[in-house]
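S.K.: My structure file protein.pdb, PDB, C-alpha atoms and all ligand atoms, is below:
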```
ATOM      1  CA  MET A   1     -26.777 -11.314  -5.240  1.00  0.00           C
ATOM      2  CA  ALA A   2     -25.749 -10.652  -1.663  1.00  0.00           C
ATOM      3  CA  ARG A   3     -22.062 -11.020  -2.275  1.00  0.00           C
ATOM      4  CA  GLU A   4     -20.147  -8.781   0.081  1.00  0.00           C
ATOM      5  CA  ASP A   5     -18.176  -6.004  -1.594  1.00  0.00           C
ATOM      6  CA  TRP A   6     -15.509  -5.027   0.914  1.00  0.00           C
ATOM      7  CA  GLY A   7     -14.174  -2.401  -1.479  1.00  0.00           C
ATOM      8  CA  LEU A   8     -17.470  -0.547  -1.615  1.00  0.00           C
ATOM      9  CA  ASP A   9     -17.893  -0.939   2.125  1.00  0.00           C
ATOM     10  CA  LEU A  10     -14.458   0.586   2.665  1.00  0.00           C
ATOM     11  CA  MET A  11     -15.153   3.521   0.366  1.00  0.00           C
ATOM     12  CA  GLN A  12     -18.431   4.185   2.157  1.00  0.00           C
ATOM     13  CA  ARG A  13     -16.706   4.254   5.513  1.00  0.00           C
ATOM     14  CA  HIS A  14     -14.197   6.821   4.234  1.00  0.00           C
ATOM     15  CA  ARG A  15     -16.449   9.090   2.213  1.00  0.00           C
ATOM     16  CA  ARG A  16     -14.125  12.067   2.309  1.00  0.00           C
ATOM     17  CA  LEU A  17     -11.471  10.159   0.390  1.00  0.00           C
ATOM     18  CA  PHE A  18     -13.507   8.692  -2.458  1.00  0.00           C
ATOM     19  CA  THR A  19     -15.975   9.769  -5.102  1.00  0.00           C
ATOM     20  CA  ILE A  20     -18.253   6.765  -5.385  1.00  0.00           C
ATOM     21  CA  ASN A  21     -19.867   5.808  -8.654  1.00  0.00           C
ATOM     22  CA  ALA A  22     -23.239   4.730  -7.278  1.00  0.00           C
ATOM     23  CA  ASP A  23     -24.258   2.653 -10.291  1.00  0.00           C
ATOM     24  CA  GLU A  24     -20.985   0.816 -10.725  1.00  0.00           C
ATOM     25  CA  PRO A  25     -18.920   1.193  -7.555  1.00  0.00           C
ATOM     26  CA  PHE A  26     -16.021  -0.808  -8.951  1.00  0.00           C
ATOM     27  CA  ARG A  27     -15.602   1.887 -11.594  1.00  0.00           C
ATOM     28  CA  SER A  28     -15.020   4.536  -8.906  1.00  0.00           C
ATOM     29  CA  PHE A  29     -11.593   6.105  -8.761  1.00  0.00           C
ATOM     30  CA  GLY A  30      -9.709   4.411  -5.985  1.00  0.00           C
ATOM     31  CA  TYR A  31     -11.890   1.340  -5.772  1.00  0.00           C
ATOM     32  CA  PRO A  32      -9.412  -1.131  -4.257  1.00  0.00           C
ATOM     33  CA  PHE A  33      -8.299  -3.710  -6.795  1.00  0.00           C
ATOM     34  CA  CYS A  34      -6.484  -5.977  -4.408  1.00  0.00           C
ATOM     35  CA  GLY A  35      -7.200  -8.998  -2.299  1.00  0.00           C
ATOM     36  CA  ARG A  36      -9.274  -8.917   0.840  1.00  0.00           C
ATOM     37  CA  GLY A  37      -6.196  -9.736   2.893  1.00  0.00           C
ATOM     38  CA  TRP A  38      -5.116  -6.118   2.432  1.00  0.00           C
ATOM     39  CA  ARG A  39      -8.418  -4.660   3.544  1.00  0.00           C
ATOM     40  CA  ASP A  40      -7.154  -3.796   7.011  1.00  0.00           C
ATOM     41  CA  LEU A  41      -4.026  -2.061   5.801  1.00  0.00           C
ATOM     42  CA  VAL A  42      -6.004  -0.008   3.265  1.00  0.00           C
ATOM     43  CA  ASP A  43      -8.523   0.796   5.981  1.00  0.00           C
ATOM     44  CA  ARG A  44      -5.724   1.916   8.276  1.00  0.00           C
ATOM     45  CA  LEU A  45      -4.271   4.046   5.482  1.00  0.00           C
ATOM     46  CA  CYS A  46      -7.642   5.753   5.013  1.00  0.00           C
ATOM     47  CA  GLY A  47      -7.942   6.404   8.743  1.00  0.00           C
ATOM     48  CA  ARG A  48      -4.501   7.968   8.860  1.00  0.00           C
ATOM     49  CA  ILE A  49      -5.246  10.249   5.942  1.00  0.00           C
ATOM     50  CA  GLU A  50      -8.536  11.350   7.497  1.00  0.00           C
ATOM     51  CA  GLY A  51      -6.597  12.061  10.655  1.00  0.00           C
ATOM     52  CA  VAL A  52      -4.214  14.523   9.010  1.00  0.00           C
ATOM     53  CA  LEU A  53      -6.547  16.326   6.589  1.00  0.00           C
ATOM     54  CA  ARG A  54      -7.494  19.778   7.787  1.00  0.00           C
ATOM     55  CA  ASP A  55     -10.550  21.854   6.994  1.00  0.00           C
ATOM     56  CA  GLY A  56     -10.462  23.081   3.429  1.00  0.00           C
ATOM     57  CA  GLU A  57      -7.946  20.515   2.265  1.00  0.00           C
ATOM     58  CA  THR A  58      -9.068  18.090  -0.388  1.00  0.00           C
ATOM     59  CA  PHE A  59      -8.066  14.543  -1.082  1.00  0.00           C
ATOM     60  CA  GLU A  60      -9.196  11.887  -3.488  1.00  0.00           C
ATOM     61  CA  PHE A  61      -7.854   8.456  -4.272  1.00  0.00           C
ATOM     62  CA  VAL A  62      -7.218   8.002  -7.971  1.00  0.00           C
ATOM     63  CA  GLN A  63      -6.107   4.395  -7.816  1.00  0.00           C
ATOM     64  CA  ILE A  64      -5.622   1.631  -5.276  1.00  0.00           C
ATOM     65  CA  LYS A  65      -4.393  -1.647  -6.626  1.00  0.00           C
ATOM     66  CA  GLN A  66      -1.939  -4.473  -6.364  1.00  0.00           C
ATOM     67  CA  LYS A  67       1.034  -4.073  -8.645  1.00  0.00           C
ATOM     68  CA  ILE A  68       4.032  -6.399  -8.841  1.00  0.00           C
ATOM     69  CA  GLY A  69       3.034  -7.838  -5.488  1.00  0.00           C
ATOM     70  CA  VAL A  70       2.656  -4.649  -3.472  1.00  0.00           C
ATOM     71  CA  LEU A  71       0.070  -1.964  -2.892  1.00  0.00           C
ATOM     72  CA  ARG A  72      -0.009   0.995  -5.227  1.00  0.00           C
ATOM     73  CA  ALA A  73      -1.991   4.004  -4.033  1.00  0.00           C
ATOM     74  CA  VAL A  74      -2.257   7.086  -6.234  1.00  0.00           C
ATOM     75  CA  TRP A  75      -4.033  10.181  -5.001  1.00  0.00           C
ATOM     76  CA  ASP A  76      -4.823  13.705  -5.922  1.00  0.00           C
ATOM     77  CA  GLY A  77      -5.647  16.631  -3.724  1.00  0.00           C
ATOM     78  CA  ASP A  78      -4.927  20.080  -2.484  1.00  0.00           C
ATOM     79  CA  ALA A  79      -3.338  20.235   0.920  1.00  0.00           C
ATOM     80  CA  SER A  80      -0.514  21.932   2.773  1.00  0.00           C
ATOM     81  CA  GLU A  81       3.003  20.638   2.364  1.00  0.00           C
ATOM     82  CA  ASP A  82       2.882  19.392   5.939  1.00  0.00           C
ATOM     83  CA  THR A  83      -0.306  17.414   5.301  1.00  0.00           C
ATOM     84  CA  GLU A  84       1.004  16.020   2.023  1.00  0.00           C
ATOM     85  CA  THR A  85       4.154  14.860   3.771  1.00  0.00           C
ATOM     86  CA  LYS A  86       2.053  13.035   6.364  1.00  0.00           C
ATOM     87  CA  ILE A  87      -0.134  11.495   3.670  1.00  0.00           C
ATOM     88  CA  GLY A  88       2.979  10.362   1.833  1.00  0.00           C
ATOM     89  CA  HIS A  89       4.274   8.706   4.963  1.00  0.00           C
ATOM     90  CA  ALA A  90       0.930   6.962   5.544  1.00  0.00           C
ATOM     91  CA  VAL A  91       1.022   5.626   1.978  1.00  0.00           C
ATOM     92  CA  ASN A  92       4.591   4.420   2.435  1.00  0.00           C
ATOM     93  CA  LEU A  93       3.577   2.588   5.603  1.00  0.00           C
ATOM     94  CA  ALA A  94       0.728   0.869   3.767  1.00  0.00           C
ATOM     95  CA  VAL A  95       2.975  -0.111   0.872  1.00  0.00           C
ATOM     96  CA  ALA A  96       5.570  -1.514   3.274  1.00  0.00           C
ATOM     97  CA  ARG A  97       2.897  -3.472   5.097  1.00  0.00           C
ATOM     98  CA  SER A  98       1.468  -4.885   1.882  1.00  0.00           C
ATOM     99  CA  ALA A  99       4.906  -6.227   0.995  1.00  0.00           C
ATOM    100  CA  CYS A 100       4.819  -8.524   4.029  1.00  0.00           C
ATOM    101  CA  THR A 101       1.078  -9.240   4.308  1.00  0.00           C
ATOM    102  CA  CYS A 102      -0.697 -12.064   2.480  1.00  0.00           C
ATOM    103  CA  GLU A 103      -3.091 -10.484  -0.024  1.00  0.00           C
ATOM    104  CA  ILE A 104      -5.475 -13.412   0.416  1.00  0.00           C
ATOM    105  CA  CYS A 105      -5.775 -13.821   4.180  1.00  0.00           C
ATOM    106  CA  GLY A 106      -3.952 -10.904   5.813  1.00  0.00           C
ATOM    107  CA  ARG A 107      -1.437 -12.963   7.728  1.00  0.00           C
ATOM    108  CA  GLU A 108       2.289 -12.339   7.460  1.00  0.00           C
ATOM    109  CA  GLY A 109       3.572 -13.079   3.983  1.00  0.00           C
ATOM    110  CA  ARG A 110       6.380 -12.574   1.524  1.00  0.00           C
ATOM    111  CA  LEU A 111       6.889 -12.242  -2.191  1.00  0.00           C
ATOM    112  CA  PHE A 112       6.329 -15.244  -4.466  1.00  0.00           C
ATOM    113  CA  ASN A 113       6.751 -15.682  -8.191  1.00  0.00           C
ATOM    114  CA  ASN A 114       3.743 -17.520  -9.586  1.00  0.00           C
ATOM    115  CA  ARG A 115       4.722 -18.186 -13.201  1.00  0.00           C
ATOM    116  CA  GLY A 116       5.828 -14.621 -13.676  1.00  0.00           C
ATOM    117  CA  TRP A 117       3.132 -13.028 -11.493  1.00  0.00           C
ATOM    118  CA  LEU A 118       4.563 -11.493  -8.360  1.00  0.00           C
ATOM    119  CA  GLU A 119       2.277 -12.045  -5.378  1.00  0.00           C
ATOM    120  CA  THR A 120       2.632 -11.456  -1.650  1.00  0.00           C
ATOM    121  CA  ARG A 121       1.366 -14.551   0.134  1.00  0.00           C
ATOM    122  CA  CYS A 122       1.637 -16.530   3.355  1.00  0.00           C
ATOM    123  CA  ALA A 123       3.118 -20.006   3.021  1.00  0.00           C
ATOM    124  CA  GLU A 124      -0.356 -21.551   2.973  1.00  0.00           C
ATOM    125  CA  ASP A 125      -1.770 -19.402   0.152  1.00  0.00           C
ATOM    126  CA  ALA A 126       1.413 -19.244  -1.884  1.00  0.00           C
ATOM    127  CA  VAL A 127       1.787 -20.668  -5.373  1.00  0.00           C
ATOM    128  CA  GLY A 128       5.193 -20.716  -7.025  1.00  0.00           C
ATOM    129  CA  GLU A 129       8.607 -19.899  -5.703  1.00  0.00           C
ATOM    130  CA  THR A 130       9.814 -17.409  -3.142  1.00  0.00           C
ATOM    131  CA  VAL A 131      11.534 -14.354  -4.538  1.00  0.00           C
ATOM    132  CA  PRO A 132      14.848 -13.542  -2.830  1.00  0.00           C
ATOM    133  CA  PRO A 133      14.894 -10.148  -1.083  1.00  0.00           C
ATOM    134  CA  ARG A 134      15.979  -7.507  -3.559  1.00  0.00           C
ATOM    135  CA  TYR A 135      18.743  -6.198  -1.329  1.00  0.00           C
ATOM    136  CA  GLY A 136      19.851  -9.603  -0.083  1.00  0.00           C
ATOM    137  CA  ALA A 137      19.535 -11.592   3.132  1.00  0.00           C
ATOM    138  CA  GLY A 138      19.021  -9.447   6.195  1.00  0.00           C
ATOM    139  CA  PHE A 139      17.270  -6.737   4.147  1.00  0.00           C
ATOM    140  CA  GLU A 140      13.924  -8.514   3.752  1.00  0.00           C
ATOM    141  CA  ASN A 141      11.808  -5.566   4.791  1.00  0.00           C
ATOM    142  CA  VAL A 142      13.946  -2.824   3.289  1.00  0.00           C
ATOM    143  CA  ARG A 143      12.397  -0.822   0.486  1.00  0.00           C
ATOM    144  CA  ARG A 144      13.022   2.376  -1.364  1.00  0.00           C
ATOM    145  CA  PHE A 145      10.460   5.118  -0.835  1.00  0.00           C
ATOM    146  CA  ARG A 146       9.675   8.486  -2.283  1.00  0.00           C
ATOM    147  CA  ARG A 147       9.885  11.174   0.344  1.00  0.00           C
ATOM    148  CA  TRP A 148       7.451  13.619  -1.247  1.00  0.00           C
ATOM    149  CA  ARG A 149       4.852  13.212  -3.893  1.00  0.00           C
ATOM    150  CA  GLY A 150       6.178  14.162  -7.282  1.00  0.00           C
ATOM    151  CA  HIS A 151       9.715  14.718  -6.029  1.00  0.00           C
ATOM    152  CA  ALA A 152      12.631  12.549  -7.005  1.00  0.00           C
ATOM    153  CA  ASP A 153      14.051  12.413  -3.489  1.00  0.00           C
ATOM    154  CA  MET A 154      14.183   8.775  -2.397  1.00  0.00           C
ATOM    155  CA  TYR A 155      15.166   7.079   0.811  1.00  0.00           C
ATOM    156  CA  PHE A 156      15.499   3.570   2.174  1.00  0.00           C
ATOM    157  CA  ALA A 157      13.635   2.305   5.198  1.00  0.00           C
ATOM    158  CA  THR A 158      13.054  -0.937   6.982  1.00  0.00           C
ATOM    159  CA  TYR A 159       9.543  -1.887   8.033  1.00  0.00           C
ATOM    160  CA  ASP A 160       8.619  -3.483  11.362  1.00  0.00           C
ATOM    161  CA  ARG A 161       5.346  -5.376  10.990  1.00  0.00           C
ATOM    162  CA  GLU A 162       4.784  -5.711  14.738  1.00  0.00           C
ATOM    163  CA  THR A 163       4.874  -1.999  15.438  1.00  0.00           C
ATOM    164  CA  ASP A 164       3.811  -0.846  11.945  1.00  0.00           C
ATOM    165  CA  THR A 165       6.699   1.587  11.696  1.00  0.00           C
ATOM    166  CA  LEU A 166       9.282   2.558   9.116  1.00  0.00           C
ATOM    167  CA  THR A 167      12.840   3.322  10.148  1.00  0.00           C
ATOM    168  CA  GLU A 168      15.118   5.048   7.687  1.00  0.00           C
ATOM    169  CA  VAL A 169      18.296   3.132   6.919  1.00  0.00           C
ATOM    170  CA  LEU A 170      21.376   3.692   4.799  1.00  0.00           C
ATOM    171  CA  PRO A 171      21.116   2.475   1.224  1.00  0.00           C
ATOM    172  CA  PRO A 172      21.903  -1.241   1.241  1.00  0.00           C
ATOM    173  CA  SER A 173      25.369  -1.818  -0.178  1.00  0.00           C
ATOM    174  CA  PRO A 174      25.735  -4.193  -3.107  1.00  0.00           C
ATOM    175  CA  LYS A 175      25.853  -7.810  -2.031  1.00  0.00           C
ATOM    176  CA  GLN A 176      29.365  -8.906  -1.168  1.00  0.00           C
ATOM    177  CA  GLU A 177      30.340 -11.954  -3.165  1.00  0.00           C
ATOM    178  CA  GLY A 178      32.631 -14.625  -1.767  1.00  0.00           C
TER     179      GLY A 178
HETATM  180 ZN    ZN A 201      -2.541 -16.213   3.365  1.00  0.00          ZN
END
```
Could you quickly redo this structure as structure tokens?
Ligand SMILES: [Zn+2]
M.R.:
Amino acid sequence: MAREDWGLDLMQRHRRLFTINADEPFRSFGYPFCGRGWRDLVDRLCGRIEGVLRDGETFEFVQIKQKIGVLRAVWDGDASEDTETKIGHAVNLAVARSACTCEICGREGRLFNNRGWLETRCAEDAVGETVPPRYGAGFENVRRFRRWRGHADMYFATYDRETDTLTEVLPPSPKQEG
């Protein structure tokens, strides 16, 4: 069967980041279990990580998947604190982008509730109802991020899809009622 496997293709283009199971590629650690609409943002994530890894540093994806509507990327490796910080930022950028990118087609999207399944979709591919932004109107692209891998330190940032950048913001205050 000549069915295209974009996940395998992506892993092959970023060989330093994956250990590919040749017999059953989808069983490889890090094989992307998400829709094709996120291919570009995962590809960009891989490129960024390759760009910051130095000689002697190791990196391997353990898991890449869609979870509760957004990208989840787990990795393992041995790198300097500086490199790990940059990798963490690249992952945060990809997660933020997934939260506003249709997992089916890659166009701009938002979170929908499809009978209990949370999915990021454009209006055309969406099934179900829109989910209100967690932090209320005006905070659509604000998320909470982990600053360093394995550390509890969290921060809030707003994501700009046009420029693909995160800008740290103050924690959103509880919604004012009335
Ligand atoms: Zn779509």
S.K.: Work out how far CA of Ala94 in chain A is from CA of Tyr159 in chain A, in Å to one decimal.
M.R.: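 Computed distance, CA of Tyr159 in chain A to CA of Ala94 in chain A, equals 10.2 Å.
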S.K.: For the provided coordinates, the residues matched by the PyMOL selection byres (((chain A and resi 20) around 12) and not hetatm) should be stated as an mmCIF file with C-alpha atoms, keeping the file's coordinate frame.
M.R.:
```
data_model
loop_
_atom_site.group_PDB
_atom_site.id
_atom_site.type_symbol
_atom_site.label_atom_id
_atom_site.label_comp_id
_atom_site.auth_asym_id
_atom_site.auth_seq_id
_atom_site.Cartn_x
_atom_site.Cartn_y
_atom_site.Cartn_z
ATOM 1 C CA GLY A 7 -14.174 -2.401 -1.479
ATOM 2 C CA LEU A 8 -17.470 -0.547 -1.615
ATOM 3 C CA ASP A 9 -17.893 -0.939 2.125
ATOM 4 C CA LEU A 10 -14.458 0.586 2.665
ATOM 5 C CA MET A 11 -15.153 3.521 0.366
ATOM 6 C CA GLN A 12 -18.431 4.185 2.157
ATOM 7 C CA ARG A 13 -16.706 4.254 5.513
ATOM 8 C CA HIS A 14 -14.197 6.821 4.234
ATOM 9 C CA ARG A 15 -16.449 9.090 2.213
ATOM 10 C CA ARG A 16 -14.125 12.067 2.309
ATOM 11 C CA LEU A 17 -11.471 10.159 0.390
ATOM 12 C CA PHE A 18 -13.507 8.692 -2.458
ATOM 13 C CA THR A 19 -15.975 9.769 -5.102
ATOM 14 C CA ASN A 21 -19.867 5.808 -8.654
ATOM 15 C CA ALA A 22 -23.239 4.730 -7.278
ATOM 16 C CA ASP A 23 -24.258 2.653 -10.291
ATOM 17 C CA GLU A 24 -20.985 0.816 -10.725
ATOM 18 C CA PRO A 25 -18.920 1.193 -7.555
ATOM 19 C CA PHE A 26 -16.021 -0.808 -8.951
ATOM 20 C CA ARG A 27 -15.602 1.887 -11.594
ATOM 21 C CA SER A 28 -15.020 4.536 -8.906
ATOM 22 C CA PHE A 29 -11.593 6.105 -8.761
ATOM 23 C CA GLY A 30 -9.709 4.411 -5.985
ATOM 24 C CA TYR A 31 -11.890 1.340 -5.772
ATOM 25 C CA PRO A 32 -9.412 -1.131 -4.257
ATOM 26 C CA GLU A 60 -9.196 11.887 -3.488
ATOM 27 C CA PHE A 61 -7.854 8.456 -4.272
ATOM 28 C CA VAL A 62 -7.218 8.002 -7.971
#
```
S.K.: Which residue gives the smallest distance to Thr83 in chain A among A:Trp148, A:Trp117, A:Phe156, A:Trp6, with all atoms listed in the file counted?
M.R.: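 Smallest distance to Thr83 in chain A is found for A:Trp148.
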S.K.: Which of these, A:Leu166, A:Ile104, A:Ala137, A:Val127, has the shortest distance to ligand ZN 201 (chain A) once you count all atoms listed in the file?
M.R.: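 Under the stated criterion, the closest residue is A:Ile104.
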S.K.: What are the closest atom pairs, with distances in Å to one decimal, for all residues of chain A lying within 8 Å of ligand ZN 201 (chain A)? Consider all atoms listed in the file, order rows by chain and residue number, and present the result as a tab-separated table.
M.R.:
```
residue	atom	partner	partner_atom	distance
A:Gly37	CA	A:ZN201	ZN	7.5
A:Thr101	CA	A:ZN201	ZN	7.9
A:Cys102	CA	A:ZN201	ZN	4.6
A:Glu103	CA	A:ZN201	ZN	6.7
A:Ile104	CA	A:ZN201	ZN	5.0
A:Cys105	CA	A:ZN201	ZN	4.1
A:Gly106	CA	A:ZN201	ZN	6.0
A:Arg107	CA	A:ZN201	ZN	5.6
A:Glu108	CA	A:ZN201	ZN	7.4
A:Gly109	CA	A:ZN201	ZN	6.9
A:Arg121	CA	A:ZN201	ZN	5.3
A:Cys122	CA	A:ZN201	ZN	4.2
A:Ala123	CA	A:ZN201	ZN	6.8
A:Glu124	CA	A:ZN201	ZN	5.8
A:Asp125	CA	A:ZN201	ZN	4.6
A:Ala126	CA	A:ZN201	ZN	7.2
```
S.K.: If you measure from CA of Ile87 in chain A to CA of His151 in chain A, what distance in Å do you get, rounded to one decimal?
M.R.: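 Taking CA of Ile87 in chain A and CA of His151 in chain A, their separation equals 14.2 Å.
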S.K.: Figure out the distance between CA of Glu84 in chain A and CA of Arg147 in chain A, please, to one decimal in Å.
M.R.: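 About the pair CA of Arg147 in chain A and CA of Glu84 in chain A: they are 10.3 Å apart.
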S.K.: Neighbouring residues of range 65-76 of chain A were defined as those with any atom within 6 Å, considering all atoms listed in the file; residues of the same chain fewer than 5 positions away were excluded. Please report them as a list of chain:residue names.
M.R.: A:Pro32, A:Phe33, A:Cys34, A:Phe59, A:Glu60, A:Val95, A:Ser98, A:Ala99, A:Leu118, A:Glu119, A:Thr120
S.K.: Written as a list in words, which residues does the PyMOL selection byres (((chain A and resi 80) around 12) and not hetatm) give for the file shown?
M.R.: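 Expected selection for the PyMOL selection byres (((chain A and resi 80) around 12) and not hetatm) here is Val52, Leu53, Arg54, Asp55, Gly56, Glu57, Thr58, Phe59, Gly77, Asp78, Ala79, Glu81, Asp82, Thr83, Glu84, Thr85, Lys86 and Ile87 of chain A.
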S.K.: Between A:Val142, A:Leu170, A:Cys46, A:Leu111, which has the minimum distance to Val91 in chain A (counting only C-alpha atoms)?
M.R.: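 Checking each candidate against Val91 in chain A, we get A:Cys46 as the closest.
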S.K.: Compare A:Gly138, A:Thr167, A:Glu4, A:Arg115 by their minimum atom-to-atom distance to Arg36 in chain A, counting all atoms listed in the file, and give me the closest one.
M.R.: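 Ranked by minimum distance to Arg36 in chain A, first place goes to A:Glu4.
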